[in-house]
Every structure is written in structure tokens, then in C-alpha cells.
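What follows is the content of start.txt, which has compact mmCIF, C-alpha atoms and all ligand atoms:
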# COMPACT_ATOMS: atom_id res chain seq x y z
CA MET A 1 -21.74 8.67 0.91
CA GLN A 2 -18.72 10.19 2.58
CA ASP A 3 -15.59 10.01 0.45
CA PRO A 4 -13.81 6.96 1.86
CA GLN A 5 -10.44 8.40 0.84
CA GLY A 6 -10.87 11.09 3.49
CA SER A 7 -8.53 14.04 3.76
CA ALA A 8 -4.82 14.54 4.36
CA ALA A 9 -3.32 13.26 7.58
CA ALA A 10 -0.03 13.29 9.41
CA THR A 11 1.75 10.40 11.08
CA GLY A 12 4.99 10.76 13.02
CA ARG A 13 7.15 11.33 9.96
CA LEU A 14 4.75 11.30 7.04
CA HIS A 15 2.18 13.55 5.44
CA ILE A 16 -0.35 11.32 3.70
CA SER A 17 -3.02 12.53 1.30
CA PRO A 18 -5.43 11.00 -1.21
CA LEU A 19 -3.70 10.57 -4.57
CA GLY A 20 -4.55 13.42 -6.92
CA GLU A 21 -3.82 14.25 -10.53
CA SER A 22 -1.05 16.66 -9.56
CA ASP A 23 0.77 13.87 -7.68
CA ILE A 24 1.04 11.60 -10.69
CA GLU A 25 4.09 12.99 -12.50
CA PRO A 26 6.26 13.59 -9.41
CA LEU A 27 5.31 10.19 -8.03
CA ALA A 28 6.01 8.46 -11.34
CA GLN A 29 9.37 10.19 -11.49
CA GLY A 30 10.32 8.77 -8.08
CA LEU A 31 8.87 5.31 -8.53
CA TRP A 32 10.29 4.67 -12.01
CA HIS A 33 13.29 2.92 -10.56
CA GLU A 34 14.80 -0.52 -11.13
CA GLU A 35 14.73 -1.40 -7.42
CA VAL A 36 11.06 -0.49 -6.98
CA TYR A 37 9.98 -2.80 -9.80
CA HIS A 38 12.49 -5.58 -9.20
CA HIS A 39 9.92 -7.89 -7.56
CA ILE A 40 6.77 -6.47 -9.09
CA GLY A 41 7.01 -7.18 -12.74
CA GLY A 42 10.21 -5.43 -13.76
CA LEU A 43 10.93 -1.83 -14.63
CA PRO A 44 8.51 -0.42 -17.20
CA GLU A 45 10.32 0.75 -20.33
CA ALA A 46 9.19 4.33 -19.97
CA ARG A 47 8.26 6.52 -17.04
CA SER A 48 5.03 7.31 -18.84
CA GLU A 49 3.91 3.72 -18.17
CA VAL A 50 4.10 4.43 -14.45
CA SER A 51 2.13 7.66 -14.98
CA ASP A 52 -0.48 5.77 -17.01
CA TRP A 53 -0.78 3.13 -14.31
CA LEU A 54 -1.20 5.82 -11.64
CA ARG A 55 -3.89 7.54 -13.74
CA HIS A 56 -5.70 4.23 -14.13
CA THR A 57 -5.43 3.70 -10.38
CA LEU A 58 -6.73 7.20 -9.70
CA ALA A 59 -9.68 6.72 -12.05
CA GLY A 60 -10.91 3.87 -9.84
CA PRO A 61 -12.53 0.59 -10.72
CA PRO A 62 -14.75 0.13 -13.73
CA SER A 63 -18.38 -0.29 -12.75
CA GLN A 64 -18.87 -3.97 -12.30
CA GLU A 65 -20.29 -6.66 -10.05
CA PRO A 66 -19.19 -7.25 -7.36
CA PRO A 67 -18.38 -3.64 -6.54
CA GLN A 68 -14.89 -2.54 -5.62
CA ARG A 69 -13.36 0.52 -4.01
CA TRP A 70 -9.81 1.61 -4.66
CA LEU A 71 -8.09 3.76 -2.06
CA ASN A 72 -4.84 5.45 -3.09
CA TYR A 73 -2.66 7.65 -0.93
CA VAL A 74 0.55 9.49 -1.57
CA MET A 75 3.17 9.75 1.17
CA ARG A 76 5.43 12.77 1.65
CA ARG A 77 7.92 13.78 4.30
CA ALA A 78 6.17 17.14 4.57
CA PRO A 79 3.33 18.91 2.76
CA GLY A 80 4.49 20.26 -0.60
CA GLU A 81 7.61 18.11 -0.73
CA ALA A 82 8.21 15.46 -3.38
CA PRO A 83 6.29 12.21 -2.87
CA VAL A 84 8.15 9.33 -1.22
CA GLY A 85 5.66 6.58 -1.88
CA LEU A 86 2.20 5.21 -2.48
CA LEU A 87 -0.22 3.25 -0.30
CA GLN A 88 -3.13 1.37 -1.80
CA ALA A 89 -6.09 -0.69 -0.71
CA THR A 90 -8.49 -2.53 -2.98
CA LEU A 91 -11.75 -3.29 -1.21
CA HIS A 92 -14.01 -6.05 -2.47
CA GLY A 93 -16.22 -8.61 -0.79
CA GLY A 94 -14.92 -8.21 2.78
CA VAL A 95 -11.31 -8.15 1.61
CA ALA A 96 -8.91 -5.22 1.73
CA GLU A 97 -5.87 -5.96 -0.42
CA VAL A 98 -3.06 -3.64 0.60
CA ALA A 99 0.00 -2.61 -1.36
CA TYR A 100 2.84 -0.14 -0.83
CA LEU A 101 5.64 1.31 -2.90
CA LEU A 102 8.38 3.45 -1.46
CA LEU A 103 11.25 5.25 -3.18
CA PRO A 104 14.47 3.25 -2.59
CA SER A 105 16.14 6.28 -1.03
CA GLU A 106 13.56 6.00 1.78
CA TRP A 107 13.87 2.28 2.50
CA GLY A 108 15.13 0.90 5.79
CA GLN A 109 13.68 3.58 8.04
CA GLY A 110 10.33 2.14 8.94
CA LEU A 111 8.36 4.57 6.78
CA ALA A 112 6.42 1.90 4.91
CA GLY A 113 5.38 0.43 8.27
CA GLU A 114 4.33 3.86 9.48
CA GLY A 115 2.22 4.33 6.35
CA LEU A 116 0.74 0.85 6.53
CA ARG A 117 -0.24 1.36 10.16
CA TRP A 118 -2.06 4.53 9.17
CA LEU A 119 -3.76 2.69 6.30
CA HIS A 120 -5.04 0.07 8.75
CA GLU A 121 -6.68 2.83 10.78
CA VAL A 122 -8.37 4.20 7.66
CA LEU A 123 -9.59 0.74 6.71
CA ALA A 124 -10.88 0.13 10.22
CA ARG A 125 -13.09 3.21 9.74
CA VAL A 126 -14.27 2.69 6.18
CA ALA A 127 -14.46 -1.11 6.09
CA PRO A 128 -14.42 -2.37 9.68
CA GLU A 129 -15.73 -5.76 8.65
CA ALA A 130 -12.89 -6.38 6.21
CA HIS A 131 -9.72 -8.36 6.70
CA CYS A 132 -6.46 -7.12 5.24
CA TRP A 133 -4.69 -9.31 2.76
CA ALA A 134 -1.42 -8.90 0.92
CA THR A 135 0.53 -10.92 -1.58
CA THR A 136 4.20 -10.92 -2.35
CA VAL A 137 6.70 -13.04 -4.20
CA PRO A 138 8.85 -14.95 -1.70
CA ALA A 139 11.99 -13.18 -2.98
CA ASN A 140 10.56 -9.79 -1.95
CA GLU A 141 11.94 -10.08 1.54
CA ARG A 142 11.52 -6.42 2.40
CA SER A 143 7.82 -6.74 1.64
CA TRP A 144 7.11 -9.88 3.64
CA ARG A 145 9.26 -8.70 6.55
CA LEU A 146 7.22 -5.51 6.59
CA LEU A 147 4.01 -7.52 6.63
CA GLU A 148 5.17 -9.77 9.46
CA ARG A 149 6.32 -6.76 11.47
CA CYS A 150 2.88 -5.28 10.96
CA GLY A 151 1.07 -8.32 12.33
CA TYR A 152 0.28 -10.21 9.14
CA VAL A 153 0.50 -13.99 9.13
CA ARG A 154 0.98 -16.36 6.23
CA ALA A 155 -2.29 -17.83 4.99
CA ALA A 156 -3.69 -19.81 2.13
CA PRO A 157 -5.31 -17.63 -0.50
CA PRO A 158 -9.03 -17.32 0.19
CA GLU A 159 -11.25 -19.30 -2.12
CA ALA A 160 -13.79 -16.51 -2.33
CA PRO A 161 -13.40 -13.77 -3.09
CA ALA A 162 -10.23 -14.50 -5.03
CA LEU A 163 -7.43 -12.03 -4.36
CA MET A 164 -6.89 -9.74 -7.31
CA SER A 165 -3.18 -9.44 -6.66
CA TYR A 166 -2.53 -13.17 -6.28
CA GLU A 167 -0.38 -15.02 -8.77
CA GLU A 168 0.68 -18.65 -8.60
CA GLY A 169 3.62 -19.03 -6.19
CA ASP A 170 2.95 -15.83 -4.25
CA TRP A 171 3.07 -15.82 -0.50
CA VAL A 172 -0.25 -14.66 0.93
CA PHE A 173 -0.63 -12.77 4.22
CA ARG A 174 -3.67 -11.92 6.29
CA ARG A 175 -4.37 -9.60 9.19
CA ALA A 176 -7.43 -8.47 11.12
CA LEU A 177 -8.06 -4.74 11.28
CA PRO A 178 -7.32 -2.93 14.54
CA PRO A 179 -10.23 -2.13 16.81
CA GLN A 180 -11.77 1.26 16.06
CA GLY A 181 -11.14 4.28 18.19
CA PRO A 182 -8.15 5.79 19.93
CA GLY A 183 -5.54 3.59 21.54
CA ALA A 184 -5.24 1.05 18.73
CA ALA A 185 -1.63 -0.02 18.85
CA GLY A 186 0.89 -1.62 16.55
CA CYS A 187 0.96 -1.69 12.76
C1 LIG B 201 8.37 -3.17 0.40
C2 LIG B 201 8.94 -1.85 0.84
C3 LIG B 201 7.85 -0.80 0.94
C4 LIG B 201 9.58 -2.06 2.22
O1 LIG B 201 10.29 -0.90 2.59
P1 LIG B 201 11.23 -0.93 3.88
O2 LIG B 201 11.85 0.40 3.96
O3 LIG B 201 12.10 -2.13 3.86
O4 LIG B 201 10.18 -1.20 5.00
P2 LIG B 201 9.97 -0.39 6.34
O5 LIG B 201 9.60 0.99 5.99
O6 LIG B 201 9.05 -1.14 7.17
O7 LIG B 201 11.41 -0.39 6.97
C5 LIG B 201 11.78 -1.44 7.76
C6 LIG B 201 13.26 -1.42 7.99
O8 LIG B 201 13.64 -0.15 8.49
C7 LIG B 201 14.35 -0.31 9.72
N1 LIG B 201 13.97 0.81 10.58
C8 LIG B 201 14.74 1.88 10.80
N2 LIG B 201 14.11 2.74 11.60
C9 LIG B 201 12.87 2.20 11.86
C10 LIG B 201 11.77 2.64 12.62
N3 LIG B 201 11.76 3.82 13.26
N4 LIG B 201 10.66 1.83 12.68
C11 LIG B 201 10.64 0.66 12.03
N5 LIG B 201 11.68 0.20 11.29
C12 LIG B 201 12.78 0.97 11.21
C13 LIG B 201 13.92 -1.63 10.28
O9 LIG B 201 14.97 -2.20 11.02
C14 LIG B 201 13.59 -2.42 9.05
O10 LIG B 201 14.73 -3.09 8.58
P3 LIG B 201 14.76 -4.66 8.57
O11 LIG B 201 13.60 -5.10 7.71
O12 LIG B 201 16.08 -4.96 7.97
O13 LIG B 201 14.59 -5.08 9.98
C15 LIG B 201 10.02 -1.35 -0.15
O14 LIG B 201 11.05 -2.29 -0.21
C16 LIG B 201 9.46 -1.13 -1.55
O15 LIG B 201 8.87 -0.10 -1.84
N6 LIG B 201 9.71 -2.08 -2.45
C17 LIG B 201 9.33 -1.94 -3.86
C18 LIG B 201 7.84 -2.06 -4.10
C19 LIG B 201 7.33 -3.39 -3.61
O16 LIG B 201 7.92 -4.42 -3.89
N7 LIG B 201 6.20 -3.34 -2.91
C20 LIG B 201 5.61 -4.54 -2.36
C21 LIG B 201 4.56 -5.11 -3.25
S1 LIG B 201 3.16 -4.01 -3.40

Would you give me this structure, written as C-alpha cells?
Ligand SMILES: CC(C)(COP(=O)(O)OP(=O)(O)OC[C@H]1O[C@@H](n2cnc3c(N)ncnc32)[C@H](O)[C@@H]1OP(=O)(O)O)[C@@H](O)C(=O)NCCC(=O)NCCS
Amino acid sequence: MQDPQGSAAATGRLHISPLGESDIEPLAQGLWHEEVYHHIGGLPEARSEVSDWLRHTLAGPPSQEPPQRWLNYVMRRAPGEAPVGLLQATLHGGVAEVAYLLLPSEWGQGLAGEGLRWLHEVLARVAPEAHCWATTVPANERSWRLLERCGYVRAAPPEAPALMSYEEGDWVFRRALPPQGPGAAGC
């Protein structure tokens, strides 16, 4: 089967590539920041916890039923520069759960939206039947504003399959994937 992660790509302002081992330490260094973890569980005590989590993410899902696919991409301003963020999609049972983390120094410029739009195009190719879902705590306004700007709408959590990222009290968002092929517009 073709590697669903694909190869590196460029958007208007971002260079995006599949997460690799060599990305882990520079990415952990950038992401280990109070503001990044404020709404997602709190800052880990040590940077090494972020590295460990990224390694676990890179290793992919344990073999299990039903099967899952984990897609992980690192965002940079230019090839070879320090990472500015991470895009993720967890595919299972017709669901693509998306997530995004950006260095605080990069917030407020539309980069997460640019990355998420690109991720939708990837998902439309590798899992065209899937719907995108995302969860966020209501206090994470930057996250839900990003989702709404990118065409997501509030929804009840699906009964099956259950969302892996869902926790009681989360807001849940859903979006169809863009049609395949050139000319797909919007986030
Ligand atoms: C969630 C997160 C990725 C959002 O980042 P962000 O920078 O606010 O989101 P965007 O990249 O879409 O930027 C949008 C903002 O940039 C502004 N902007 C500037 N130039 C822009 C452009 N060319 N295009 C779009 N927006 C632009 C917009 O006005 C918008 O601001 P607004 O929301 O006040 O209207 C970021 O806050 C983050 O990493 N948080 C920590 C991790 C986290 O909680 N992740 C979510 C759970 S997985």
C-alpha cells in the first residue's frame, strides 16, 4: 500500500513533511511551552515528556481491532528551519480526528488554518469516505475559532465509533472532506 503520509509539500507559507525521528527534539523544544499546553492537559514537567509523546505518536498505533492509522506532519516556515508546529489525523472507522499544535510565537497569522486546509486535502486523498472530527475544551477559543473558520460545525459526539480525543464537556466539531481534485476551496 502506498504510504498514506506521502511526501513533503509546500503551502503558501509552510513547508510540511511527515514527522520523522530527527524532528522530535526540535519540535519538543518548541512545543514545551505553557501556552501550548494550557488547554490540553497542562505543561508536562519535563521536555522529555513531549519527546516521548512524539516518539509514541511516530511509532503509530498498536496493532488492534478496529485498525487505525495515525498521520503526523511537521510544519516549518522553510525546509531546514526549526519546526513551527504539528498536524495530526487519527483515522478509524470512517472518522478522521484532527489535531494541531503551533508554537505560540506563530499564533495569530493563519498558519494553523493553512496547515489544516492542507491536511484536509491529504485526507480527501487517503480517506475520501471519512468525515473530519475535532474536539476542544470550550475555553480553547483559538482552537474552536480555527475550526469554525475552516468549515467545521458543532455536533454531538458520534455514538460509533467513539472519538478517541473526546472527554466529557468537550465541544465536538465535524466537517466533510473537500471534493477531490484541483479547485477545492476553503479550509
Ligand atoms: C489552536 C491553535 C493552533 C490556533 O492557532 P491560531 O494562530 O490562533 O490559529 P490560525 O493559525 O488559524 O490563526 C488565526 C488568527 O490569525 C489571524 N490571521 C492573520 N493573518 C491571517 C491569514 N493570512 N489567514 C488567516 N488568519 C489570519 C486571524 O485573524 C485569526 O485571528 P482571530 O482568530 O483572532 O480572528 C493554537 O492556538 C495552538 O497551537 N494552541 C495550543 C495547542 C492546542 O490547544 N491545540 C488544539 C487542540 S489539538

Once you count only C-alpha atoms, what closest atom pair and distance in Å to one decimal does each residue of stretch 8-64 of chain A within 7 Å of stretch 76-83 of chain A have, with rows by chain and rising residue number, as CSV?
residue,atom,partner,partner_atom,distance
A:Arg13,CA,A:Arg77,CA,6.2
A:Leu14,CA,A:Arg77,CA,4.9
A:His15,CA,A:Arg76,CA,5.1
A:Ile16,CA,A:Arg76,CA,6.3
A:Pro26,CA,A:Ala82,CA,6.6
A:Leu27,CA,A:Pro83,CA,5.6

What does the distance from atom CA of A:Thr57 to atom CA of A:Gly20 come to in Å, to one decimal?
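One can read the atom CA of A:Thr57 to atom CA of A:Gly20 distance as 10.4 Å.
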
Between atom CA of A:Leu101 and atom CA of A:Ser17, measure the distance and give it in Å to one decimal.
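Value for the atom CA of A:Leu101-atom CA of A:Ser17 distance: 14.8 Å.
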
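Nearest-residue note for ligand LIG 201 (chain B): choosing from A:Ala134, A:Ala28, A:Val36, A:Leu43, the minimum distance belongs to A:Val36, counting all atoms listed in the file.
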
So the first atom is atom CA of A:Gly113 and the second is atom CA of A:Glu148; what is the distance between them in Å, to one decimal place?
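Between atom CA of A:Gly113 and atom CA of A:Glu148 the gap works out to 10.3 Å.
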
Hey, which bits of chain A sit within 10 Å of ligand LIG 201 (chain B), and for each residue what's the closest pair of atoms and how far apart in Å (one decimal), counting all atoms listed in the file, rows by chain and increasing number, as a tab-separated table?
residue	atom	partner	partner_atom	distance
A:Gly12	CA	B:LIG201	N3	9.7
A:Arg13	CA	B:LIG201	N3	9.4
A:Leu31	CA	B:LIG201	O15	8.6
A:His33	CA	B:LIG201	C17	9.2
A:Glu34	CA	B:LIG201	C17	9.2
A:Glu35	CA	B:LIG201	C17	6.5
A:Val36	CA	B:LIG201	C17	3.9
A:Tyr37	CA	B:LIG201	C17	6.0
A:His38	CA	B:LIG201	O16	7.1
A:His39	CA	B:LIG201	O16	5.4
A:Ile40	CA	B:LIG201	O16	5.7
A:Gly41	CA	B:LIG201	O16	9.3
A:Val84	CA	B:LIG201	O15	9.5
A:Gly85	CA	B:LIG201	O15	7.4
A:Leu86	CA	B:LIG201	O15	8.5
A:Leu87	CA	B:LIG201	S1	8.6
A:Gln88	CA	B:LIG201	S1	8.4
A:Glu97	CA	B:LIG201	S1	9.7
A:Val98	CA	B:LIG201	S1	7.4
A:Ala99	CA	B:LIG201	S1	4.0
A:Tyr100	CA	B:LIG201	S1	4.7
A:Leu101	CA	B:LIG201	O15	3.7
A:Leu102	CA	B:LIG201	O15	3.6
A:Leu103	CA	B:LIG201	O15	6.0
A:Pro104	CA	B:LIG201	O15	6.6
A:Ser105	CA	B:LIG201	O2	8.8
A:Glu106	CA	B:LIG201	O2	6.2
A:Trp107	CA	B:LIG201	O2	3.1
A:Gly108	CA	B:LIG201	O8	3.3
A:Gln109	CA	B:LIG201	C8	3.4
A:Gly110	CA	B:LIG201	O5	3.2
A:Leu111	CA	B:LIG201	O5	3.9
A:Ala112	CA	B:LIG201	O5	3.5
A:Gly113	CA	B:LIG201	O6	4.1
A:Glu114	CA	B:LIG201	O5	6.9
A:Gly115	CA	B:LIG201	O5	8.1
A:Leu116	CA	B:LIG201	O6	8.6
A:Ala134	CA	B:LIG201	S1	8.0
A:Thr135	CA	B:LIG201	C21	7.3
A:Thr136	CA	B:LIG201	C21	5.9
A:Val137	CA	B:LIG201	C21	8.3
A:Ala139	CA	B:LIG201	O16	9.7
A:Asn140	CA	B:LIG201	O16	6.3
A:Glu141	CA	B:LIG201	C1	7.9
A:Arg142	CA	B:LIG201	O3	4.6
A:Ser143	CA	B:LIG201	C1	3.8
A:Trp144	CA	B:LIG201	C1	7.6
A:Arg145	CA	B:LIG201	O11	5.8
A:Leu146	CA	B:LIG201	O6	4.8
A:Leu147	CA	B:LIG201	O6	8.1
A:Glu148	CA	B:LIG201	O6	9.7
A:Arg149	CA	B:LIG201	O6	7.6
A:Cys150	CA	B:LIG201	O6	8.3
A:Ser165	CA	B:LIG201	S1	9.0
A:Cys187	CA	B:LIG201	O6	9.8

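Between A:Pro157 and the candidates A:Ala176, A:Val122, A:Ala127, A:Val95, the tightest atom-to-atom separation, counting all atoms listed in the file, involves A:Val95.
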